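*Asks:* Structure file final30.txt (compact mmCIF, C-alpha atoms and all ligand atoms) is given on the next line.
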# COMPACT_ATOMS: atom_id res chain seq x y z
CA MET A 1 34.68 23.01 -16.69
CA SER A 2 34.11 24.98 -19.88
CA ASP A 3 36.29 27.51 -21.51
CA ASP A 4 34.84 29.95 -23.97
CA ALA A 5 38.10 30.00 -25.91
CA THR A 6 37.94 26.25 -26.51
CA PRO A 7 36.88 25.29 -30.05
CA LYS A 8 33.42 23.73 -30.12
CA THR A 9 31.31 21.83 -32.56
CA SER A 10 27.58 22.08 -32.38
CA ARG A 11 24.52 20.26 -33.58
CA HIS A 12 20.83 20.37 -32.96
CA LEU A 13 18.78 17.77 -31.15
CA GLY A 14 15.05 18.17 -30.98
CA GLY A 15 15.33 21.93 -31.32
CA ILE A 16 18.09 22.10 -28.73
CA SER A 17 21.48 23.30 -29.80
CA LEU A 18 24.27 20.99 -28.65
CA ASN A 19 27.89 22.08 -28.69
CA PHE A 20 30.65 19.56 -28.26
CA ILE A 21 34.02 20.74 -27.15
CA PRO A 22 36.51 18.23 -28.53
CA ALA A 23 39.45 16.89 -26.61
CA ALA A 24 42.91 17.90 -27.81
CA ALA A 25 44.02 16.04 -30.94
CA GLY A 26 46.92 13.65 -31.10
CA ASP A 27 46.40 11.50 -28.04
CA GLY A 28 45.95 8.45 -30.24
CA GLN A 29 42.43 7.58 -29.20
CA PRO A 30 39.36 7.37 -31.36
CA THR A 31 37.34 10.58 -31.18
CA ALA A 32 34.37 9.24 -29.22
CA SER A 33 36.33 7.58 -26.45
CA ARG A 34 38.75 10.44 -26.35
CA ALA A 35 35.88 12.77 -25.60
CA VAL A 36 34.85 10.62 -22.64
CA ALA A 37 38.35 10.02 -21.38
CA ARG A 38 39.20 13.70 -21.36
CA GLU A 39 35.92 14.74 -19.78
CA SER A 40 35.05 16.66 -22.92
CA VAL A 41 32.41 19.25 -22.32
CA GLU A 42 29.09 18.92 -24.03
CA VAL A 43 27.20 22.17 -24.02
CA VAL A 44 23.43 22.20 -24.28
CA GLU A 45 21.86 25.55 -24.96
CA ALA A 46 18.21 26.12 -24.16
CA ARG A 47 16.00 29.12 -23.69
CA VAL A 48 14.58 27.65 -20.49
CA VAL A 49 16.08 25.03 -18.21
CA ILE A 50 13.76 23.62 -15.56
CA VAL A 51 15.32 21.89 -12.57
CA GLY A 52 13.08 19.24 -11.05
CA SER A 53 10.57 16.82 -12.51
CA GLY A 54 7.78 16.69 -9.95
CA PRO A 55 4.36 18.25 -10.60
CA ALA A 56 5.80 21.79 -10.56
CA GLY A 57 8.72 21.09 -12.91
CA LEU A 58 6.74 19.06 -15.42
CA THR A 59 3.80 21.48 -15.47
CA ALA A 60 6.29 24.28 -16.12
CA ALA A 61 7.70 22.10 -18.92
CA ILE A 62 4.24 21.59 -20.49
CA TYR A 63 3.56 25.33 -20.50
CA ALA A 64 7.06 26.30 -21.64
CA ALA A 65 7.02 23.69 -24.41
CA ARG A 66 3.63 24.83 -25.62
CA ALA A 67 5.00 28.39 -25.68
CA ASN A 68 7.65 27.05 -28.08
CA LEU A 69 10.47 27.60 -25.59
CA GLN A 70 11.80 24.03 -26.06
CA PRO A 71 12.63 23.57 -22.38
CA VAL A 72 15.17 21.15 -21.04
CA VAL A 73 14.13 19.55 -17.75
CA ILE A 74 17.00 18.41 -15.56
CA GLY A 75 14.80 16.02 -13.68
CA GLY A 76 17.10 14.52 -11.07
CA LEU A 77 18.22 10.92 -10.64
CA ALA A 78 15.15 10.32 -8.47
CA ALA A 79 12.89 11.82 -11.13
CA GLY A 80 9.22 12.54 -10.50
CA GLY A 81 9.38 13.98 -6.99
CA GLN A 82 7.49 12.84 -3.94
CA LEU A 83 4.59 11.31 -5.87
CA MET A 84 6.96 8.54 -6.95
CA ILE A 85 6.77 7.20 -3.40
CA THR A 86 3.03 7.73 -3.05
CA SER A 87 0.67 4.92 -3.89
CA ASP A 88 -2.94 6.01 -4.35
CA VAL A 89 -3.49 9.65 -5.23
CA GLU A 90 -7.16 10.46 -4.78
CA ASN A 91 -7.08 14.24 -4.53
CA TYR A 92 -5.58 15.16 -7.87
CA PRO A 93 -8.46 16.59 -9.93
CA GLY A 94 -9.41 14.72 -13.07
CA PHE A 95 -8.94 11.22 -11.69
CA PRO A 96 -12.25 10.32 -10.04
CA ASP A 97 -11.10 6.74 -9.39
CA GLY A 98 -7.68 7.83 -8.11
CA ILE A 99 -4.34 7.12 -9.71
CA GLN A 100 -1.00 5.71 -8.57
CA GLY A 101 1.61 8.43 -7.92
CA PRO A 102 4.23 7.05 -10.36
CA GLU A 103 1.57 6.61 -13.05
CA LEU A 104 0.46 10.23 -12.61
CA MET A 105 4.02 11.47 -12.94
CA GLY A 106 4.50 9.29 -16.04
CA LEU A 107 1.51 11.05 -17.60
CA PHE A 108 2.87 14.50 -16.68
CA ARG A 109 6.15 13.59 -18.36
CA LYS A 110 4.52 12.15 -21.46
CA GLN A 111 2.47 15.33 -21.85
CA ALA A 112 5.58 17.54 -21.50
CA GLU A 113 7.56 15.44 -23.99
CA ARG A 114 4.70 15.46 -26.47
CA PHE A 115 5.17 19.21 -26.86
CA GLY A 116 8.94 19.01 -27.22
CA ALA A 117 10.30 19.22 -23.67
CA ARG A 118 13.44 17.16 -23.22
CA VAL A 119 13.76 15.50 -19.82
CA VAL A 120 17.14 14.27 -18.62
CA ASP A 121 17.29 12.16 -15.47
CA VAL A 122 20.42 13.58 -13.88
CA ASP A 123 21.17 15.71 -10.83
CA VAL A 124 22.45 19.27 -11.11
CA GLU A 125 25.87 19.35 -9.48
CA ARG A 126 26.69 23.04 -9.60
CA ILE A 127 25.41 26.26 -11.08
CA ASP A 128 26.48 29.74 -12.03
CA LEU A 129 23.65 32.26 -11.92
CA GLY A 130 26.05 35.20 -11.84
CA ARG A 131 25.64 36.10 -15.53
CA ARG A 132 23.53 35.19 -18.51
CA PRO A 133 23.29 32.73 -20.03
CA PHE A 134 22.95 30.93 -16.71
CA ARG A 135 25.00 27.75 -16.46
CA LEU A 136 24.18 24.48 -14.81
CA TRP A 137 26.42 21.42 -14.77
CA ALA A 138 25.03 17.92 -14.59
CA ALA A 139 26.58 14.55 -15.45
CA GLY A 140 29.38 16.04 -17.54
CA VAL A 141 27.13 18.39 -19.50
CA GLU A 142 27.05 22.16 -19.27
CA TYR A 143 23.54 23.53 -19.73
CA ARG A 144 23.20 27.18 -20.73
CA ALA A 145 19.86 28.86 -20.28
CA GLU A 146 18.39 32.28 -20.80
CA ALA A 147 15.90 31.57 -18.02
CA VAL A 148 15.84 28.98 -15.24
CA ILE A 149 12.89 27.58 -13.30
CA VAL A 150 13.79 25.96 -10.00
CA ALA A 151 11.28 23.27 -9.02
CA THR A 152 13.34 20.93 -6.90
CA GLY A 153 10.66 20.30 -4.27
CA ALA A 154 11.05 19.39 -0.64
CA GLU A 155 11.53 16.09 1.08
CA ALA A 156 9.84 14.82 4.18
CA ILE A 157 12.29 14.14 6.97
CA TRP A 158 12.00 10.51 8.01
CA LEU A 159 12.90 8.78 11.24
CA GLY A 160 15.60 6.82 9.47
CA ILE A 161 14.82 3.33 10.72
CA ASP A 162 14.83 0.34 8.34
CA SER A 163 11.28 -0.81 9.08
CA GLU A 164 9.96 2.69 8.27
CA THR A 165 11.63 2.58 4.84
CA ARG A 166 10.39 -0.95 4.17
CA LEU A 167 6.76 -0.05 4.91
CA ARG A 168 6.72 3.37 3.26
CA GLY A 169 3.68 3.51 1.00
CA ARG A 170 2.28 0.47 2.83
CA GLY A 171 1.03 2.19 5.92
CA VAL A 172 3.90 4.57 6.58
CA SER A 173 3.26 8.04 5.14
CA ALA A 174 4.40 11.62 5.55
CA CYS A 175 1.19 13.22 4.29
CA ALA A 176 -2.12 12.96 6.13
CA THR A 177 -3.86 15.10 3.50
CA CYS A 178 -2.83 12.56 0.87
CA ASP A 179 -3.35 9.31 2.76
CA GLY A 180 -5.59 10.00 5.77
CA PHE A 181 -8.69 8.98 3.89
CA PHE A 182 -7.51 5.35 3.83
CA TYR A 183 -7.78 5.08 7.61
CA ARG A 184 -11.50 5.39 8.14
CA ASP A 185 -12.38 3.80 11.50
CA LYS A 186 -8.78 2.65 11.98
CA GLU A 187 -6.11 3.54 14.53
CA VAL A 188 -3.14 5.58 13.41
CA GLY A 189 0.02 6.97 14.94
CA VAL A 190 1.55 10.40 14.29
CA VAL A 191 5.16 11.13 15.25
CA GLY A 192 6.35 14.64 16.10
CA GLY A 193 5.76 17.55 18.44
CA GLY A 194 5.57 20.52 16.07
CA ASP A 195 2.74 22.22 14.18
CA SER A 196 2.86 19.62 11.40
CA ALA A 197 2.33 16.71 13.78
CA PHE A 198 -0.55 18.41 15.57
CA GLU A 199 -2.19 19.50 12.34
CA GLU A 200 -1.86 16.00 10.90
CA ALA A 201 -3.24 14.46 14.09
CA LEU A 202 -6.26 16.79 14.12
CA PHE A 203 -6.88 16.20 10.42
CA LEU A 204 -6.73 12.44 10.91
CA THR A 205 -9.47 12.54 13.58
CA ARG A 206 -11.91 13.05 10.67
CA PHE A 207 -11.29 9.48 9.56
CA ALA A 208 -9.52 7.45 12.20
CA SER A 209 -11.21 5.97 15.24
CA LYS A 210 -8.15 6.88 17.31
CA VAL A 211 -5.00 8.97 16.72
CA HIS A 212 -1.93 8.23 18.84
CA LEU A 213 0.42 11.23 18.93
CA ILE A 214 3.93 10.06 19.74
CA HIS A 215 6.55 12.58 20.81
CA ARG A 216 10.06 12.12 22.13
CA ARG A 217 9.75 14.81 24.83
CA ASP A 218 7.01 16.18 27.09
CA GLN A 219 7.37 19.71 25.67
CA PHE A 220 5.98 20.69 22.28
CA ARG A 221 7.10 23.10 19.59
CA CYS A 222 3.61 23.52 18.21
CA SER A 223 1.41 26.56 18.75
CA LYS A 224 -0.62 26.69 21.96
CA ILE A 225 -3.92 26.66 20.14
CA LEU A 226 -3.14 23.45 18.27
CA ARG A 227 -1.93 21.81 21.44
CA ALA A 228 -5.09 22.82 23.31
CA ARG A 229 -7.29 21.43 20.54
CA ALA A 230 -5.40 18.16 20.39
CA VAL A 231 -5.33 17.67 24.15
CA ALA A 232 -9.08 18.27 24.33
CA HIS A 233 -9.89 16.00 21.40
CA PRO A 234 -11.51 12.74 22.48
CA LYS A 235 -9.90 10.78 19.64
CA ILE A 236 -6.31 11.91 20.31
CA GLU A 237 -4.14 10.11 22.83
CA LEU A 238 -0.70 11.51 23.69
CA HIS A 239 2.29 9.20 24.11
CA LEU A 240 5.01 11.44 25.51
CA ASN A 241 8.67 10.67 26.05
CA ARG A 242 8.37 7.91 23.48
CA THR A 243 10.40 7.09 20.37
CA VAL A 244 9.47 4.79 17.52
CA GLU A 245 12.06 2.04 17.60
CA GLU A 246 10.46 -0.23 15.01
CA VAL A 247 7.43 -0.37 12.73
CA LEU A 248 6.05 -3.89 12.89
CA GLY A 249 4.24 -5.73 10.09
CA ALA A 250 5.19 -8.01 7.21
CA ASP A 251 3.71 -6.07 4.29
CA LYS A 252 1.54 -3.51 6.07
CA VAL A 253 1.77 -1.61 9.32
CA GLU A 254 0.41 -3.57 12.29
CA ALA A 255 2.07 -2.08 15.38
CA LEU A 256 4.91 0.04 16.73
CA ARG A 257 7.62 -0.87 19.16
CA LEU A 258 8.07 2.25 21.26
CA GLY A 259 11.05 3.10 23.40
CA ARG A 260 10.95 5.46 26.38
CA THR A 261 13.12 8.51 26.86
CA ASP A 262 12.25 9.16 30.52
CA GLU A 263 12.89 5.71 31.92
CA PRO A 264 13.93 2.25 30.69
CA GLY A 265 11.29 0.15 29.00
CA GLU A 266 9.48 -0.61 25.77
CA GLU A 267 5.85 -0.82 24.70
CA LEU A 268 3.86 -2.26 21.86
CA LEU A 269 1.25 -0.01 20.28
CA LYS A 270 -1.19 -1.55 17.80
CA ILE A 271 -1.96 0.76 14.87
CA ASP A 272 -2.89 0.48 11.17
CA GLY A 273 -0.94 3.44 9.83
CA LEU A 274 1.95 5.69 10.84
CA PHE A 275 2.30 9.34 9.84
CA VAL A 276 5.76 10.77 10.27
CA ALA A 277 5.49 14.55 10.78
CA ILE A 278 8.90 15.64 11.97
CA GLY A 279 9.49 18.31 9.32
CA HIS A 280 10.36 18.84 5.68
CA ARG A 281 13.60 19.83 4.05
CA PRO A 282 13.52 21.93 0.86
CA ASN A 283 15.94 20.74 -1.85
CA VAL A 284 17.99 23.90 -2.14
CA ALA A 285 21.56 22.63 -1.86
CA VAL A 286 23.02 23.87 -5.16
CA PHE A 287 20.93 27.05 -5.14
CA ARG A 288 21.61 28.20 -1.60
CA ASP A 289 24.60 30.37 -2.53
CA TRP A 290 22.64 32.21 -5.23
CA LEU A 291 18.98 32.43 -4.27
CA GLU A 292 17.48 34.00 -1.17
CA THR A 293 15.86 31.73 1.37
CA ASP A 294 13.33 32.53 4.08
CA VAL A 295 13.85 31.85 7.78
CA LYS A 296 12.75 28.23 7.28
CA GLY A 297 15.27 27.64 4.49
CA TYR A 298 12.75 27.67 1.62
CA LEU A 299 13.50 29.67 -1.53
CA ARG A 300 11.94 33.11 -1.49
CA THR A 301 9.88 34.57 -4.31
CA GLU A 302 9.29 38.24 -5.03
CA GLY A 303 5.79 39.53 -4.28
CA ALA A 304 2.93 37.75 -6.02
CA THR A 305 5.06 36.29 -8.82
CA THR A 306 7.41 33.31 -9.03
CA ALA A 307 10.42 35.59 -9.61
CA SER A 308 13.47 35.05 -7.44
CA ASN A 309 16.03 37.62 -6.37
CA ILE A 310 17.89 36.96 -9.66
CA ASP A 311 16.36 38.34 -12.83
CA GLY A 312 15.46 35.44 -15.13
CA VAL A 313 15.35 32.79 -12.39
CA PHE A 314 11.92 31.62 -11.27
CA ILE A 315 10.79 29.33 -8.46
CA ALA A 316 7.89 26.89 -8.32
CA GLY A 317 6.48 24.19 -6.07
CA ASP A 318 7.35 22.85 -2.66
CA VAL A 319 10.86 24.33 -2.70
CA ASP A 320 9.19 27.65 -1.81
CA ASP A 321 5.99 26.36 -0.20
CA HIS A 322 5.96 25.02 3.34
CA ARG A 323 2.28 25.67 3.73
CA TYR A 324 0.27 23.72 1.16
CA ARG A 325 2.71 21.10 -0.21
CA GLN A 326 0.17 19.48 -2.53
CA ALA A 327 0.72 18.10 -6.03
CA VAL A 328 -2.03 20.31 -7.38
CA THR A 329 -0.66 23.50 -5.80
CA ALA A 330 2.83 22.63 -7.06
CA ALA A 331 1.46 22.08 -10.58
CA GLY A 332 -0.27 25.48 -10.38
CA GLU A 333 2.99 27.11 -9.40
CA GLY A 334 4.79 25.38 -12.27
CA CYS A 335 2.26 26.95 -14.64
CA ARG A 336 2.79 30.38 -13.10
CA ALA A 337 6.59 30.08 -13.31
CA ALA A 338 6.47 29.10 -16.99
CA ILE A 339 4.22 32.06 -17.78
CA ASP A 340 6.48 34.39 -15.78
CA ALA A 341 9.55 33.04 -17.60
CA GLU A 342 7.92 33.37 -21.01
CA ARG A 343 6.89 36.99 -20.35
CA TRP A 344 10.30 37.82 -18.97
CA LEU A 345 12.04 36.36 -22.05
CA GLU A 346 9.70 38.33 -24.28
CA SER A 347 10.47 41.55 -22.43
CA GLN A 348 14.21 40.87 -22.77
CA GLU A 349 13.88 40.28 -26.49
CA ALA A 350 11.74 43.39 -26.95
CA ALA A 351 14.34 45.44 -25.08
CA ALA A 352 17.15 43.97 -27.22
CA ARG A 353 15.20 44.76 -30.41
CA SER A 354 14.55 48.36 -29.44
CA SER A 355 18.19 48.95 -28.48
CA ALA A 356 19.28 47.41 -31.83
CA VAL A 357 17.00 49.87 -33.65
CA ALA A 358 18.13 52.80 -31.54
CA ALA A 359 21.85 52.05 -31.84
CA PRO A 360 22.42 52.93 -35.56
CA GLU A 361 20.60 56.26 -35.08
CA GLN A 362 22.90 57.16 -32.23
CA THR A 363 25.99 56.42 -34.32
CA GLN A 364 24.88 58.47 -37.37
CA PRO A 365 27.65 60.92 -38.22
CA ALA A 366 26.60 64.50 -37.75
CA THR A 367 25.81 66.18 -41.06
CA ALA A 368 26.80 69.73 -41.76
P1 LIG A 401 9.28 21.35 13.56
O1 LIG A 401 8.62 22.54 14.13
O2 LIG A 401 10.72 21.38 13.30
O3 LIG A 401 8.94 20.16 14.56
C1 LIG A 401 9.47 18.89 14.32
C2 LIG A 401 9.06 18.01 15.48
O4 LIG A 401 9.49 16.70 15.18
C3 LIG A 401 9.68 18.42 16.80
O5 LIG A 401 8.75 18.29 17.85
C4 LIG A 401 10.82 17.45 16.97
O6 LIG A 401 11.07 17.06 18.29
C5 LIG A 401 10.32 16.23 16.24
N1 LIG A 401 11.42 15.47 15.66
C6 LIG A 401 12.39 15.91 14.85
N2 LIG A 401 13.20 14.90 14.51
C7 LIG A 401 12.73 13.81 15.13
C8 LIG A 401 13.14 12.45 15.16
N3 LIG A 401 14.20 12.02 14.47
N4 LIG A 401 12.44 11.58 15.91
C9 LIG A 401 11.36 12.00 16.61
N5 LIG A 401 10.91 13.27 16.62
C10 LIG A 401 11.59 14.16 15.88
O7 LIG A 401 8.63 20.86 12.16
P2 LIG A 401 7.13 21.07 11.63
O8 LIG A 401 6.16 20.71 12.65
O9 LIG A 401 7.08 20.38 10.32
O10 LIG A 401 7.05 22.63 11.38
C11 LIG A 401 8.02 23.24 10.52
C12 LIG A 401 7.68 24.71 10.40
O11 LIG A 401 6.47 24.87 9.65
C13 LIG A 401 7.45 25.35 11.77
O12 LIG A 401 7.93 26.66 11.72
C14 LIG A 401 5.95 25.37 11.90
O13 LIG A 401 5.48 26.41 12.72
C15 LIG A 401 5.50 25.54 10.45
N6 LIG A 401 4.19 24.96 10.25
C16 LIG A 401 3.14 25.78 10.41
C17 LIG A 401 1.87 25.29 10.25
C18 LIG A 401 0.74 26.24 10.44
O14 LIG A 401 0.98 27.36 10.80
N7 LIG A 401 -0.48 25.84 10.17
C19 LIG A 401 1.66 23.95 9.94
C20 LIG A 401 2.77 23.12 9.77
C21 LIG A 401 4.03 23.65 9.95
P3 LIG A 401 11.75 18.06 19.35
O15 LIG A 401 10.68 19.04 19.69
O16 LIG A 401 12.13 17.19 20.48
O17 LIG A 401 12.90 18.67 18.63
Taking this structure as input, can you express it in the form of structure tokens?

*Replies:*
Amino acid sequence: MSDDATPKTSRHLGGISLNFIPAAAGDGQPTASRAVARESVEVVEARVVIVGSGPAGLTAAIYAARANLQPVVIGGLAAGGQLMITSDVENYPGFPDGIQGPELMGLFRKQAERFGARVVDVDVERIDLGRRPFRLWAAGVEYRAEAVIVATGAEAIWLGIDSETRLRGRGVSACATCDGFFYRDKEVGVVGGGDSAFEEALFLTRFASKVHLIHRRDQFRCSKILRARAVAHPKIELHLNRTVEEVLGADKVEALRLGRTDEPGEELLKIDGLFVAIGHRPNVAVFRDWLETDVKGYLRTEGATTASNIDGVFIAGDVDDHRYRQAVTAAGEGCRAAIDAERWLESQEAAARSSAVAAPEQTQPATA
């Protein structure tokens, strides 16, 4: 989209340098509309660009902003991450009475902006991490960054039925650790046949009076040990060869309409909450061609740091974490990534300074 030979104008906005590449003159349109009509390229230069505005991205933004790096956060059209679809958050430290997910993310954002982070609610469409500055394109703007922090998170995979979407956050959840506590002495359903489903089901037995594990086959993907524990658990009842056809309830979950995969027929199962545990999908689409992924498709970090396989690109949050997937662990990773990025930028600048000092000495003419 951009061309380095194209003349640009630039200005500063909140510490961020903006370059505008004007459209060609003489097309008879006023300058502003001409820029839009010709898809003029606006270039935003930043020392750090953070992609993602969940707990990881915004914590990285707080730390980077406080380190005077003036980060730009490309937050995504669905800004705020998975907490935006979570109602009560009771396990985020510092909120003894709990807090609503969207409210918590609003506070994260306010804190980042207070220190000078600029958050733009657009999706990254494509990137070029092949040379520095790195380039990211989003909504007609080219972002150039010395360092990039990828914090795009992961999404729960849902069943994809209308009633599930309608009752999400009102009894339908994808996180037993987050929402299990609300089902003390109630009956819940868990869908899935992998490790996640079995772990969620076992976790839920701490609260629920009964856990109905619903799986579409009679074979499981989960580990043998989890299966053995679940089968032996007095609170867990298996419903095999069953699919969830509909979640019933006007404004909260009341029952499931189950279909059968082994023979014709339907059943009604009364429950108070449904946990969908059929997997997660890391949001790696635009990064997949550049950054290494592990066997599960999550971005891979180097050793104990947040560094990726590309120097100057760091990774934080659920996009590289299929194990913990908690807001507080994501926030911690955002902090680590910002510190890693800051130190890396410093080392680059120190290296540039010492080569600038060394260079004139090397070019001194030899004296007789
Ligand atoms: P998974 O292993 O892919 O299992 C997903 C399960 O959901 C499968 O049983 C699958 O059924 C079912 N499923 C998928 N789509 C469905 C649909 N539309 N309707 C109904 N059922 C559906 O996912 P996971 O359990 O989240 O595990 C992902 C990875 O993380 C695995 O490698 C797992 O070992 C790992 N993990 C490890 C731990 C641990 O070690 N503590 C904990 C959690 C996850 P089918 O079997 O019929 O395909």

*Asks:* Tell me which of A:Thr261, A:Gln70, A:Ser308, A:Thr329 sits closest to ligand LIG 401 (chain A), counting all atoms listed in the file.

*Replies:*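 Ranking A:Thr261, A:Gln70, A:Ser308, A:Thr329 by distance to ligand LIG 401 (chain A), first place goes to A:Thr261.
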
*Asks:* At a cut-off of 6 Å and counting only C-alpha atoms and all ligand atoms, what residues surround ligand LIG 401 (chain A)? Please answer as a tab-separated table (two decimals) with C-alpha atoms, in the frame of the given file.

*Replies:*
chain	number	residue	atom	x	y	z
A	159	LEU	CA	12.90	8.78	11.24
A	192	GLY	CA	6.35	14.64	16.10
A	193	GLY	CA	5.76	17.55	18.44
A	194	GLY	CA	5.57	20.52	16.07
A	195	ASP	CA	2.74	22.22	14.18
A	196	SER	CA	2.86	19.62	11.40
A	197	ALA	CA	2.33	16.71	13.78
A	216	ARG	CA	10.06	12.12	22.13
A	217	ARG	CA	9.75	14.81	24.83
A	220	PHE	CA	5.98	20.69	22.28
A	221	ARG	CA	7.10	23.10	19.59
A	278	ILE	CA	8.90	15.64	11.97
A	279	GLY	CA	9.49	18.31	9.32
A	280	HIS	CA	10.36	18.84	5.68

*Asks:* List as a list in words: which residues have an atom within 10 Å of (27.1, 24.4, -14.6), counting all atoms listed in the file?

*Replies:* Met1, Ser2, Val43, Val124, Glu125, Arg126, Ile127, Asp128, Leu129, Phe134, Arg135, Leu136, Trp137, Ala138, Ala139, Gly140, Val141, Glu142, Tyr143 and Arg144 of chain A

*Asks:* Since we have the selection now, will you write its residues out, keeping C-alpha atoms, as a PDB file, keeping the file's coordinate frame?

*Replies:*
ATOM      1  CA  MET A   1      34.680  23.010 -16.690  1.00  0.00           C
ATOM      2  CA  SER A   2      34.110  24.980 -19.880  1.00  0.00           C
ATOM      3  CA  VAL A  43      27.200  22.170 -24.020  1.00  0.00           C
ATOM      4  CA  VAL A 124      22.450  19.270 -11.110  1.00  0.00           C
ATOM      5  CA  GLU A 125      25.870  19.350  -9.480  1.00  0.00           C
ATOM      6  CA  ARG A 126      26.690  23.040  -9.600  1.00  0.00           C
ATOM      7  CA  ILE A 127      25.410  26.260 -11.080  1.00  0.00           C
ATOM      8  CA  ASP A 128      26.480  29.740 -12.030  1.00  0.00           C
ATOM      9  CA  LEU A 129      23.650  32.260 -11.920  1.00  0.00           C
ATOM     10  CA  PHE A 134      22.950  30.930 -16.710  1.00  0.00           C
ATOM     11  CA  ARG A 135      25.000  27.750 -16.460  1.00  0.00           C
ATOM     12  CA  LEU A 136      24.180  24.480 -14.810  1.00  0.00           C
ATOM     13  CA  TRP A 137      26.420  21.420 -14.770  1.00  0.00           C
ATOM     14  CA  ALA A 138      25.030  17.920 -14.590  1.00  0.00           C
ATOM     15  CA  ALA A 139      26.580  14.550 -15.450  1.00  0.00           C
ATOM     16  CA  GLY A 140      29.380  16.040 -17.540  1.00  0.00           C
ATOM     17  CA  VAL A 141      27.130  18.390 -19.500  1.00  0.00           C
ATOM     18  CA  GLU A 142      27.050  22.160 -19.270  1.00  0.00           C
ATOM     19  CA  TYR A 143      23.540  23.530 -19.730  1.00  0.00           C
ATOM     20  CA  ARG A 144      23.200  27.180 -20.730  1.00  0.00           C
TER      21      ARG A 144
END

*Asks:* Can you work out which one of A:Val190, A:Leu274, A:Val253, A:Val286 has the shortest atom-to-atom distance to His239 in chain A, counting all atoms listed in the file?

*Replies:*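 Using all atoms listed in the file, His239 in chain A sits closest to A:Val190.
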
*Asks:* Select, from A:Arg118, A:Arg168, A:His212, A:Arg343, the residue with the minimum atom-to-atom distance to Gln82 in chain A, counting only C-alpha atoms.

*Replies:* A:Arg168

*Asks:* Using only C-alpha atoms, determine which residues lie at most 12 Å from Lys110 in chain A, disregarding the query and same-chain residues fewer than 3 positions distant; provide the list as JSON, numbers by chain.

*Replies:* {"A": [53, 58, 59, 61, 62, 80, 103, 104, 105, 106, 107, 113, 114, 115, 116, 117, 118, 119]}

*Asks:* Quick one: residues within 7 Å of Tyr298 in chain A, all atoms listed in the file counted, chain neighbours fewer than 4 positions away excluded, as a list of chain:residue names?

*Replies:*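 Surrounding residues, per the criterion: A:Pro282, A:Thr293, A:Asp294, A:Val319, A:Asp320.
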
*Asks:* Write out as a PyMOL selection string each polymer residue whose atoms come within 12 Å of Ala147 in chain A, counting only C-alpha atoms; drop sequence neighbours fewer than 2 positions from it.

*Replies:* chain A and resi 45-51+64+69-72+129+131-136+143-145+149-150+307-308+310-315+337-346+348

*Asks:* Name the residues within 12 Å of (2.3, 21.9, 3.1), counting all atoms listed in the file in the file's coordinates, and put them as a ChimeraX atom specification.

*Replies:* /A:153-156,174-178,195-197,199-200,277,279-282,317-330

*Asks:* How many Å separate CA of Val231 in chain A from CA of Val211 in chain A?

*Replies:* 11.4 Å

*Asks:* Find the axis-aligned box for range 324-336 of chain A, covering all its listed atoms and adding 5 Å on each side, and write its centre and edge lengths in Å to one decimal as AutoDock Vina command-line options.

*Replies:*
--center_x 1.4 --center_y 24.2 --center_z -6.7 --size_x 16.8 --size_y 22.3 --size_z 25.8

*Asks:* Please indicate the distance in Å from CA of Arg66 in chain A to CA of Ala316 in chain A, rounded to one decimal place.

*Replies:* 17.9 Å

*Asks:* Just give me the gap between CA of Ala112 in chain A and CA of Asn309 in chain A in Å, one decimal is fine.

*Replies:*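 Separation between CA of Ala112 in chain A and CA of Asn309 in chain A: 27.2 Å.
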
*Asks:* Could you check the closest approach to Arg184 in chain A for each of A:Pro234, A:Pro264, A:Gly273, A:Gly76 and tell me which residue wins, using only C-alpha atoms?

*Replies:*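 Result for the nearest residue to Arg184 in chain A: A:Gly273.
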
*Asks:* For a quick check of understanding, using only C-alpha atoms, which of A:Gln100, A:Thr306, A:Ser209, A:Thr243 has the smallest distance to Leu256 in chain A?

*Replies:*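 Distance minimum relative to Leu256 in chain A lands on A:Thr243.
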
*Asks:* Because some atoms of range 126-132 of chain A are absent here, can you restore N, CA and C atoms and send them as a short mmCIF file (atom, residue, chain, number, x, y, z; two decimals), in the frame of the given file?

*Replies:*
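Done, and the output landed in out34.cif:
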data_model
loop_
_atom_site.label_atom_id
_atom_site.label_comp_id
_atom_site.auth_asym_id
_atom_site.auth_seq_id
_atom_site.Cartn_x
_atom_site.Cartn_y
_atom_site.Cartn_z
N ARG A 126 26.33 21.67 -9.98
CA ARG A 126 26.69 23.04 -9.60
C ARG A 126 26.10 24.00 -10.60
N ILE A 127 26.05 25.27 -10.21
CA ILE A 127 25.41 26.26 -11.08
C ILE A 127 26.18 27.56 -11.04
N ASP A 128 25.96 28.37 -12.04
CA ASP A 128 26.48 29.74 -12.03
C ASP A 128 25.35 30.64 -12.51
N LEU A 129 24.75 31.35 -11.57
CA LEU A 129 23.65 32.26 -11.92
C LEU A 129 24.14 33.71 -11.91
N GLY A 130 25.46 33.87 -11.96
CA GLY A 130 26.05 35.20 -11.84
C GLY A 130 25.96 36.01 -13.11
N ARG A 131 25.77 35.36 -14.26
CA ARG A 131 25.64 36.10 -15.53
C ARG A 131 24.82 35.26 -16.47
N ARG A 132 24.33 35.92 -17.53
CA ARG A 132 23.53 35.19 -18.51
C ARG A 132 24.37 34.92 -19.76
#
